[in-house]
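Visitor: Just work_13.cif, nothing more (mmCIF, C-alpha atoms):
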data_run
#
loop_
_atom_site.label_atom_id
_atom_site.label_comp_id
_atom_site.auth_asym_id
_atom_site.auth_seq_id
_atom_site.Cartn_x
_atom_site.Cartn_y
_atom_site.Cartn_z
CA MET A 1 -110.99 113.74 44.24
CA ASP A 2 -109.35 111.25 41.89
CA ALA A 3 -105.85 109.79 41.86
CA ALA A 4 -104.70 111.99 38.95
CA GLU A 5 -105.63 115.09 40.93
CA VAL A 6 -103.57 113.91 43.91
CA TRP A 7 -100.64 112.75 41.74
CA SER A 8 -100.20 116.19 40.19
CA ASP A 9 -100.50 118.25 43.40
CA SER A 10 -97.54 118.41 45.78
CA ALA A 11 -99.62 119.32 48.85
CA LYS A 12 -102.04 116.46 48.24
CA MET A 13 -99.17 114.04 47.68
CA LYS A 14 -97.66 115.12 51.00
CA MET A 15 -101.01 114.48 52.67
CA ALA A 16 -101.08 110.99 51.15
CA ILE A 17 -97.52 110.44 52.41
CA SER A 18 -98.58 111.38 55.94
CA LEU A 19 -101.33 108.74 55.82
CA PHE A 20 -98.85 106.11 54.65
CA LEU A 21 -96.40 107.16 57.36
CA ARG A 22 -99.07 106.61 59.98
CA ALA A 23 -99.78 103.13 58.61
CA GLY A 24 -96.06 102.30 58.43
CA THR A 25 -95.41 103.48 61.96
CA THR A 26 -98.29 101.35 63.20
CA ALA A 27 -96.89 98.35 61.31
CA ILE A 28 -93.47 98.82 62.94
CA LEU A 29 -95.00 99.07 66.40
CA LYS A 30 -96.84 95.80 65.73
CA GLY A 31 -93.63 94.15 64.48
CA GLU A 32 -94.99 93.85 60.92
CA TYR A 33 -91.74 94.75 59.17
CA LYS A 34 -92.66 93.32 55.79
CA VAL A 35 -95.72 95.59 55.66
CA ALA A 36 -93.65 98.55 56.91
CA ARG A 37 -91.07 97.95 54.13
CA ALA A 38 -93.77 97.97 51.46
CA ILE A 39 -95.22 101.19 52.86
CA ALA A 40 -91.73 102.75 53.10
CA CYS A 41 -91.20 102.01 49.39
CA ILE A 42 -94.44 103.78 48.52
CA VAL A 43 -93.50 106.76 50.68
CA ARG A 44 -90.00 106.91 49.19
CA TYR A 45 -91.41 106.75 45.65
CA PHE A 46 -93.95 109.49 46.40
CA GLU A 47 -91.16 111.67 47.84
CA GLU A 48 -89.08 111.08 44.73
CA HIS A 49 -92.06 111.87 42.47
CA ILE A 50 -92.61 115.17 44.30
CA ALA A 51 -88.91 116.14 44.06
CA VAL A 52 -88.44 115.19 40.41
CA GLU A 53 -91.79 115.75 38.74
CA LEU A 54 -93.65 118.34 40.82
CA GLU A 55 -91.00 120.50 42.47
CA GLN A 56 -88.27 119.77 39.91
CA SER A 57 -85.59 119.96 42.58
CA ARG A 58 -83.76 116.88 41.26
CA ALA A 59 -83.08 115.45 37.82
CA LEU A 60 -83.85 111.78 38.44
CA ILE A 61 -85.75 109.48 40.72
CA ASN A 62 -83.28 107.83 43.06
CA TRP A 63 -84.16 104.19 42.30
CA PRO A 64 -81.35 102.76 44.45
CA LYS A 65 -82.89 104.42 47.52
CA ILE A 66 -86.29 102.93 46.68
CA LEU A 67 -84.75 99.50 46.12
CA GLU A 68 -82.74 99.77 49.30
CA THR A 69 -85.92 100.60 51.20
CA SER A 70 -87.58 97.44 49.90
CA VAL A 71 -85.01 95.26 51.68
CA ALA A 72 -84.19 97.58 54.56
CA ASP A 73 -82.87 96.17 57.81
CA VAL A 74 -84.96 96.97 60.88
CA HIS A 75 -82.58 99.75 61.98
CA THR A 76 -82.94 101.56 58.64
CA LEU A 77 -86.67 100.96 58.56
CA VAL A 78 -87.33 102.35 62.03
CA LYS A 79 -85.08 105.34 61.34
CA PHE A 80 -86.88 105.97 58.01
CA PHE A 81 -90.23 106.30 59.77
CA SER A 82 -88.97 108.07 62.91
CA LYS A 83 -87.34 110.84 60.81
CA ARG A 84 -90.66 111.44 59.06
CA THR A 85 -93.02 111.10 62.01
CA PRO A 86 -93.48 114.13 64.30
CA CYS A 87 -94.30 112.09 67.41
CA SER A 88 -91.87 110.19 69.63
CA CYS A 89 -93.72 106.86 69.38
CA LEU A 90 -90.77 105.16 67.64
CA ASP A 91 -88.07 106.40 70.03
CA GLU A 92 -88.15 103.29 72.21
CA LYS A 93 -88.16 101.00 69.17
CA TYR A 94 -85.20 102.91 67.71
CA ASP A 95 -83.25 102.44 70.94
CA GLU A 96 -83.87 98.68 70.59
CA VAL A 97 -82.62 98.46 67.00
CA LYS A 98 -79.97 101.19 66.68
CA ASP A 99 -77.10 98.72 67.08
CA ILE A 100 -78.23 96.61 64.12
CA THR A 101 -75.80 97.05 61.22
CA LYS A 102 -77.25 99.07 58.34
CA MET A 103 -77.26 97.09 55.10
CA SER A 104 -77.42 97.99 51.42
CA LEU A 105 -77.49 96.17 48.08
CA CYS A 106 -74.87 95.53 45.43
CA TYR A 107 -76.31 96.25 41.98
CA ASN A 108 -74.34 93.49 40.31
CA PRO A 109 -76.78 90.55 40.02
CA GLN A 110 -73.75 88.22 39.80
CA CYS A 111 -72.38 89.42 43.16
CA ILE A 112 -71.01 86.51 45.19
CA ILE A 113 -72.23 87.96 48.49
CA PRO A 114 -75.51 86.27 49.51
CA HIS A 115 -78.45 88.29 48.15
CA GLY A 116 -75.98 91.10 47.39
CA LYS A 117 -76.50 92.51 50.90
CA VAL A 118 -73.54 94.53 52.15
CA GLU A 119 -72.87 96.77 55.13
CA ARG A 120 -73.89 100.23 54.01
CA SER A 121 -70.61 101.73 55.23
CA LYS A 122 -68.74 99.54 52.71
CA ILE A 123 -70.90 100.31 49.68
CA MET A 124 -69.52 102.29 46.72
CA ARG A 125 -71.52 104.31 44.19
CA CYS A 126 -70.80 104.54 40.49
CA GLY A 127 -68.45 107.52 40.31
CA ARG A 128 -70.04 108.88 37.16
CA CYS A 129 -73.81 108.68 37.60
CA GLN A 130 -74.05 108.05 41.36
CA SER A 131 -77.19 106.01 40.60
CA VAL A 132 -76.05 102.47 41.36
CA MET A 133 -74.14 100.91 44.23
CA TYR A 134 -71.60 98.12 44.46
CA CYS A 135 -69.96 96.10 47.19
CA SER A 136 -66.53 96.24 45.52
CA ARG A 137 -64.57 97.54 42.55
CA GLU A 138 -64.65 94.00 41.13
CA CYS A 139 -68.47 93.92 41.13
CA GLN A 140 -68.57 97.38 39.56
CA LYS A 141 -66.18 96.32 36.77
CA ALA A 142 -68.08 93.08 36.18
CA HIS A 143 -71.38 94.95 35.87
CA TRP A 144 -70.04 97.83 33.72
CA ARG A 145 -71.08 96.31 30.38
CA VAL A 146 -74.70 96.19 31.57
CA HIS A 147 -74.63 99.51 33.40
CA LYS A 148 -72.71 101.55 30.80
CA SER A 149 -75.65 102.69 28.62
CA SER A 150 -77.85 103.71 31.53
CA CYS A 151 -74.86 105.36 33.22
CA ASN A 152 -74.34 107.58 30.20
CA SER A 153 -78.04 108.47 30.11
CA TYR A 154 -78.18 109.24 33.83
CA ALA A 155 -75.06 111.39 33.67
CA GLU A 156 -76.40 113.33 30.66
CA MET A 157 -79.77 113.90 32.32
CA LYS A 158 -78.11 115.13 35.51
CA ALA A 159 -75.80 117.46 33.56
CA GLU A 160 -78.74 118.90 31.58
CA PHE A 161 -80.70 119.41 34.79
CA GLU A 162 -77.78 121.17 36.50
CA THR A 163 -77.22 123.41 33.47
CA LYS A 164 -80.91 124.28 33.41
CA GLN A 165 -80.86 125.04 37.16
CA GLN A 166 -77.87 127.37 36.76
CA THR A 167 -79.60 129.40 34.04
CA MET A 168 -82.71 129.95 36.16
#
Show how you would write the structure in this file as structure tokens.

Guide:
Amino acid sequence: MDAAEVWSDSAKMKMAISLFLRAGTTAILKGEYKVARAIACIVRYFEEHIAVELEQSRALINWPKILETSVADVHTLVKFFSKRTPCSCLDEKYDEVKDITKMSLCYNPQCIIPHGKVERSKIMRCGRCQSVMYCSRECQKAHWRVHKSSCNSYAEMKAEFETKQQTM
């Protein structure tokens, strides 16, 4: 079986995801969070690929979610794997980290907050495309010139997808 065969088959992709989830869970249990983050990004991308390309249940890959996974705090990381793992092996670890504040990223590269990391509860999404996140209205306005063209494209693609879904 080659990679192209797996990439184009939803069931085989889900099997690959389960192998990555096992490796990520093991990494978390060993305290190897950097490895777990990398694996979580792969899993998230595979899930997005299945939803958008194979099952066509969504219009676009949710890149902010993938990016957010790459810098996930330990709370988010443990929850990511525990939601996708059928065993209870991460329950104790989750109890240890559940009080850690969940963080997200501001998409404005000029954001004055260090590394653009913001409490997830305070994050705002672009109201039009819902594809990028900001820490404040000021950051959103400052980034608009850069984001505007992709925002229009994302919004159009989502609208076309929704129209197509309604006619099915």

Visitor: Which residue out of A:Cys111, A:Val78, A:Met15, A:Met1 has the minimum interatomic distance to Glu96 of chain A when only C-alpha atoms are used?

Guide: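 The shortest atom-to-atom distance to Glu96 of chain A comes from A:Val78.
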
Visitor: So which one's closest to Asn152 of chain A, A:Cys129, A:Val6, A:Met168, A:Ile42? Using only C-alpha atoms, please.

Guide: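 Closest to Asn152 of chain A, using only C-alpha atoms: A:Cys129.
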
Visitor: Name the residues that the PyMOL selection byres ((chain A and resi 62) around 12) pulls out of this structure, and write them as a list in words.

Guide: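 Output from the PyMOL selection byres ((chain A and resi 62) around 12), applied to this file: Cys41, Arg44, Tyr45, Phe46, Glu47, Glu48, His49, Ile50, Ala51, Val52, Arg58, Ala59, Leu60, Ile61, Trp63, Pro64, Lys65, Ile66, Leu67, Glu68, Thr69, Cys129, Gln130, Ser131, Val132, Met133, Tyr154 and Lys158 of chain A.
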
Visitor: Closest to Gly31 of chain A among A:His143, A:Arg137, A:Lys93, A:Lys98, using all atoms listed in the file?

Guide: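 Among A:His143, A:Arg137, A:Lys93, A:Lys98, it is A:Lys93 that comes nearest to Gly31 of chain A.
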
Visitor: How many Å separate atom CA of Val74 of chain A from atom CA of Cys89 of chain A?

Guide: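 Calculated distance between atom CA of Val74 of chain A and atom CA of Cys89 of chain A is 15.7 Å.
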
Visitor: Rounded to one decimal, what separation in Å do you get between atom CA of Glu119 of chain A and atom CA of Met103 of chain A?

Guide: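 We find that atom CA of Glu119 of chain A and atom CA of Met103 of chain A lie 4.4 Å from each other.
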
Visitor: Would you work out the distance separating atom CA of Glu138 of chain A from atom CA of His75 of chain A, expressed in Å to one decimal?

Guide: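 Going from atom CA of Glu138 of chain A over to atom CA of His75 of chain A, I get 28.1 Å.
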
Visitor: For the PyMOL selection byres ((chain A and resi 135) around 8), applied here, can you spell out every residue it catches as a tab-separated table (two decimals) with C-alpha atoms, in the frame of the given file?

Guide:
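The resulting file, part28.tsv, is reproduced below:
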chain	number	residue	atom	x	y	z
A	105	LEU	CA	-77.49	96.17	48.08
A	106	CYS	CA	-74.87	95.53	45.43
A	116	GLY	CA	-75.98	91.10	47.39
A	118	VAL	CA	-73.54	94.53	52.15
A	122	LYS	CA	-68.74	99.54	52.71
A	123	ILE	CA	-70.90	100.31	49.68
A	124	MET	CA	-69.52	102.29	46.72
A	133	MET	CA	-74.14	100.91	44.23
A	134	TYR	CA	-71.60	98.12	44.46
A	136	SER	CA	-66.53	96.24	45.52
A	137	ARG	CA	-64.57	97.54	42.55
A	139	CYS	CA	-68.47	93.92	41.13
A	140	GLN	CA	-68.57	97.38	39.56

Visitor: In terms of the shortest atom-to-atom distance over all atoms listed in the file, which of A:Thr85, A:Asp95, A:Leu77, A:Ala142 is closest to Asn108 of chain A?

Guide: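 Ranked by minimum distance to Asn108 of chain A, first place goes to A:Ala142.
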
Visitor: From the list A:Arg128, A:Lys83, A:Leu29, A:Val146, which residue is nearest Ala159 of chain A when using all atoms listed in the file?

Guide: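 Comparing A:Arg128, A:Lys83, A:Leu29, A:Val146 against Ala159 of chain A, the winner is A:Arg128.
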
Visitor: Measuring atom to atom with all atoms listed in the file, identify which of A:Tyr107, A:Phe81, A:Trp7, A:Tyr94 is nearest to Ala40 of chain A.

Guide: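 So, comparing all the options, the nearest one is A:Phe81.
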